[in-house]
Amino acid sequence: MSAAEIVLLHNPRCSKSRQAKEILEQAGLNYVERKYLDEPLSKKELMELKTKLGRPVHEWMRSKDAGFKEAGLSAELAEGKLIDAMVQQPALMERPIVIRGEKAVVGRPPEDIKALL
(Lines give C-alpha, C1' and ligand atoms only; values in the text may rest on other atoms or scores of the structure.)
Protein backbone atom coordinates (compact mmCIF):
# COMPACT_ATOMS: atom_id res chain seq x y z
CA MET A 1 0.00 0.00 0.00
CA SER A 2 1.42 3.36 -0.99
CA ALA A 3 1.40 6.30 1.40
CA ALA A 4 -1.35 8.03 -0.55
CA GLU A 5 -3.55 4.96 -1.04
CA ILE A 6 -6.84 4.98 0.83
CA VAL A 7 -8.36 1.73 2.03
CA LEU A 8 -11.94 1.44 3.26
CA LEU A 9 -12.52 -1.56 5.53
CA HIS A 10 -16.12 -1.99 4.58
CA ASN A 11 -19.23 -3.98 5.44
CA PRO A 12 -21.90 -3.18 2.83
CA ARG A 13 -24.67 -4.21 5.25
CA CYS A 14 -23.65 -1.48 7.73
CA SER A 15 -25.25 1.94 7.23
CA LYS A 16 -22.25 3.77 8.76
CA SER A 17 -19.94 1.91 6.42
CA ARG A 18 -22.09 2.85 3.43
CA GLN A 19 -22.03 6.49 4.60
CA ALA A 20 -18.23 6.40 4.81
CA LYS A 21 -18.07 5.05 1.25
CA GLU A 22 -20.33 7.88 0.11
CA ILE A 23 -18.07 10.47 1.77
CA LEU A 24 -15.05 9.07 -0.09
CA GLU A 25 -16.93 9.04 -3.38
CA GLN A 26 -18.27 12.58 -2.92
CA ALA A 27 -14.72 13.75 -2.23
CA GLY A 28 -13.72 12.26 -5.60
CA LEU A 29 -11.02 10.12 -4.02
CA ASN A 30 -9.72 6.86 -5.36
CA TYR A 31 -9.77 4.15 -2.74
CA VAL A 32 -9.58 0.41 -2.32
CA GLU A 33 -12.66 -1.19 -0.83
CA ARG A 34 -11.89 -4.21 1.33
CA LYS A 35 -14.87 -6.19 2.53
CA TYR A 36 -13.17 -7.38 5.69
CA LEU A 37 -15.80 -10.04 6.42
CA ASP A 38 -15.03 -11.70 3.06
CA GLU A 39 -11.29 -10.95 3.21
CA PRO A 40 -10.37 -10.88 6.92
CA LEU A 41 -7.30 -9.06 8.15
CA SER A 42 -4.36 -11.15 9.30
CA LYS A 43 -2.89 -10.83 12.76
CA LYS A 44 0.00 -8.82 11.27
CA GLU A 45 -2.44 -6.46 9.49
CA LEU A 46 -4.45 -5.98 12.70
CA MET A 47 -1.27 -5.16 14.64
CA GLU A 48 -0.35 -2.59 11.97
CA LEU A 49 -3.89 -1.21 12.12
CA LYS A 50 -3.59 -0.80 15.90
CA THR A 51 -0.51 1.38 15.35
CA LYS A 52 -2.21 3.42 12.63
CA LEU A 53 -5.31 3.98 14.75
CA GLY A 54 -3.25 4.91 17.81
CA ARG A 55 -5.95 3.50 20.08
CA PRO A 56 -6.21 0.49 22.38
CA VAL A 57 -7.62 -2.57 20.60
CA HIS A 58 -10.77 -2.76 22.73
CA GLU A 59 -11.73 0.74 21.53
CA TRP A 60 -12.11 -0.44 17.93
CA MET A 61 -13.91 -3.66 18.65
CA ARG A 62 -17.65 -4.13 18.73
CA SER A 63 -17.63 -4.65 22.49
CA LYS A 64 -21.39 -4.14 22.80
CA ASP A 65 -22.03 -6.85 20.22
CA ALA A 66 -23.33 -10.17 21.55
CA GLY A 67 -20.45 -12.00 19.86
CA PHE A 68 -17.95 -10.09 22.00
CA LYS A 69 -19.49 -11.32 25.23
CA GLU A 70 -20.23 -14.80 23.85
CA ALA A 71 -16.53 -15.17 23.03
CA GLY A 72 -15.71 -14.38 26.67
CA LEU A 73 -13.92 -11.17 25.75
CA SER A 74 -13.49 -8.05 27.85
CA ALA A 75 -11.62 -4.76 27.54
CA GLU A 76 -9.27 -5.96 30.29
CA LEU A 77 -7.87 -8.84 28.21
CA ALA A 78 -4.40 -8.58 26.72
CA GLU A 79 -4.48 -6.85 23.35
CA GLY A 80 -2.93 -9.91 21.70
CA LYS A 81 -5.90 -12.01 22.77
CA LEU A 82 -8.33 -9.41 21.44
CA ILE A 83 -6.52 -9.33 18.10
CA ASP A 84 -6.54 -13.14 17.96
CA ALA A 85 -10.31 -12.99 18.50
CA MET A 86 -10.70 -10.58 15.56
CA VAL A 87 -8.63 -12.90 13.36
CA GLN A 88 -11.08 -15.68 14.20
CA GLN A 89 -14.21 -13.50 14.11
CA PRO A 90 -13.72 -10.47 11.83
CA ALA A 91 -17.22 -9.22 12.68
CA LEU A 92 -15.83 -8.19 16.08
CA MET A 93 -13.94 -5.32 14.43
CA GLU A 94 -15.65 -1.93 14.45
CA ARG A 95 -16.58 -0.52 11.08
CA PRO A 96 -16.00 1.37 8.97
CA ILE A 97 -12.28 1.99 9.22
CA VAL A 98 -10.44 4.15 6.69
CA ILE A 99 -6.67 3.83 6.30
CA ARG A 100 -4.51 6.41 4.56
CA GLY A 101 -0.78 5.86 4.68
CA GLU A 102 0.35 5.56 8.28
CA LYS A 103 -2.93 6.85 9.77
CA ALA A 104 -6.34 5.28 10.20
CA VAL A 105 -9.63 6.31 11.73
CA VAL A 106 -12.81 4.55 12.79
CA GLY A 107 -15.69 6.17 10.94
CA ARG A 108 -18.11 6.42 13.86
CA PRO A 109 -19.55 8.85 13.13
CA PRO A 110 -18.69 8.56 9.42
CA GLU A 111 -17.77 12.27 9.32
CA ASP A 112 -14.69 11.41 11.42
CA ILE A 113 -13.00 10.06 8.29
CA LYS A 114 -12.79 13.59 6.88
CA ALA A 115 -9.81 14.16 9.19
CA LEU A 116 -7.79 11.81 6.94
CA LEU A 117 -8.88 13.42 3.70
# chains A, B, ... in the order shown; residues from 1 in each chain; ligands from 1
>>> residues_around(residues="region 66-77 of chain A", least_positions_apart="3", cutoff="10 Å", atoms="only C-alpha atoms", output="list in words")
Pro56, Val57, His58, Glu59, Met61, Arg62, Ser63, Gly80, Lys81, Leu82, Ala85, Met86, Gln89, Ala91, Leu92 and Met93 of chain A
>>> select_by_dssp(residues="region 7-108 of chain A", states="alpha helix (DSSP H)", output="PyMOL selection string")
chain A and resi 15-26+43-53+66-70+79-88
>>> residues_around(residues="Pro109 (chain A)", least_positions_apart="2", cutoff="10 Å", atoms="only C-alpha atoms", output="ChimeraX atom specification")
/A:16-17,19-20,96,106-107,111-113
>>> closest_residue(among="A:Leu24, A:Met47, A:Cys14, A:Leu116", to="Glu94 (chain A)", atoms="only C-alpha atoms")
A:Cys14
>>> residues_around(residues="Glu45 (chain A)", least_positions_apart="6", cutoff="10 Å", atoms="only C-alpha atoms", output="ChimeraX atom specification")
/A:51,83,87
>>> write_last_selection(atoms="C-alpha atoms", output="PDB file, in the first residue's frame")
ATOM      1  CA  THR A  51      -0.509   1.381  15.347  1.00  0.00           C
ATOM      2  CA  ILE A  83      -6.515  -9.331  18.102  1.00  0.00           C
ATOM      3  CA  VAL A  87      -8.635 -12.900  13.360  1.00  0.00           C
TER       4      VAL A  87
END
>>> residues_around(residues="region 31-43 of chain A", least_positions_apart="2", cutoff="6 Å", atoms="only C-alpha atoms", output="list in words")
Ile6, Val7, Leu8, Leu9, His10, Asn11, Glu45, Leu46 and Pro90 of chain A
>>> closest_residue(among="A:Ala78, A:Glu5, A:Ile23, A:Asn30", to="Ala104 (chain A)", atoms="only C-alpha atoms")
A:Glu5
>>> select_by_dssp(residues="region 10-68 of chain A", states="strand (DSSP E or B)", output="PyMOL selection string")
chain A and resi 10+32-35+61
>>> atom_distance(atom1="CA of Arg95 (chain A)", atom2="CA of Gly54 (chain A)")
15.9 Å
>>> atom_distance(atom1="CA of Glu79 (chain A)", atom2="CA of Lys21 (chain A)")
28.5 Å
>>> atom_distance(atom1="CA of Lys50 (chain A)", atom2="CA of Arg18 (chain A)")
22.6 Å
>>> residues_around(residues="Val105 (chain A)", least_positions_apart="2", cutoff="6 Å", atoms="only C-alpha atoms", output="list of chain:residue names")
A:Leu53, A:Ile97, A:Val98
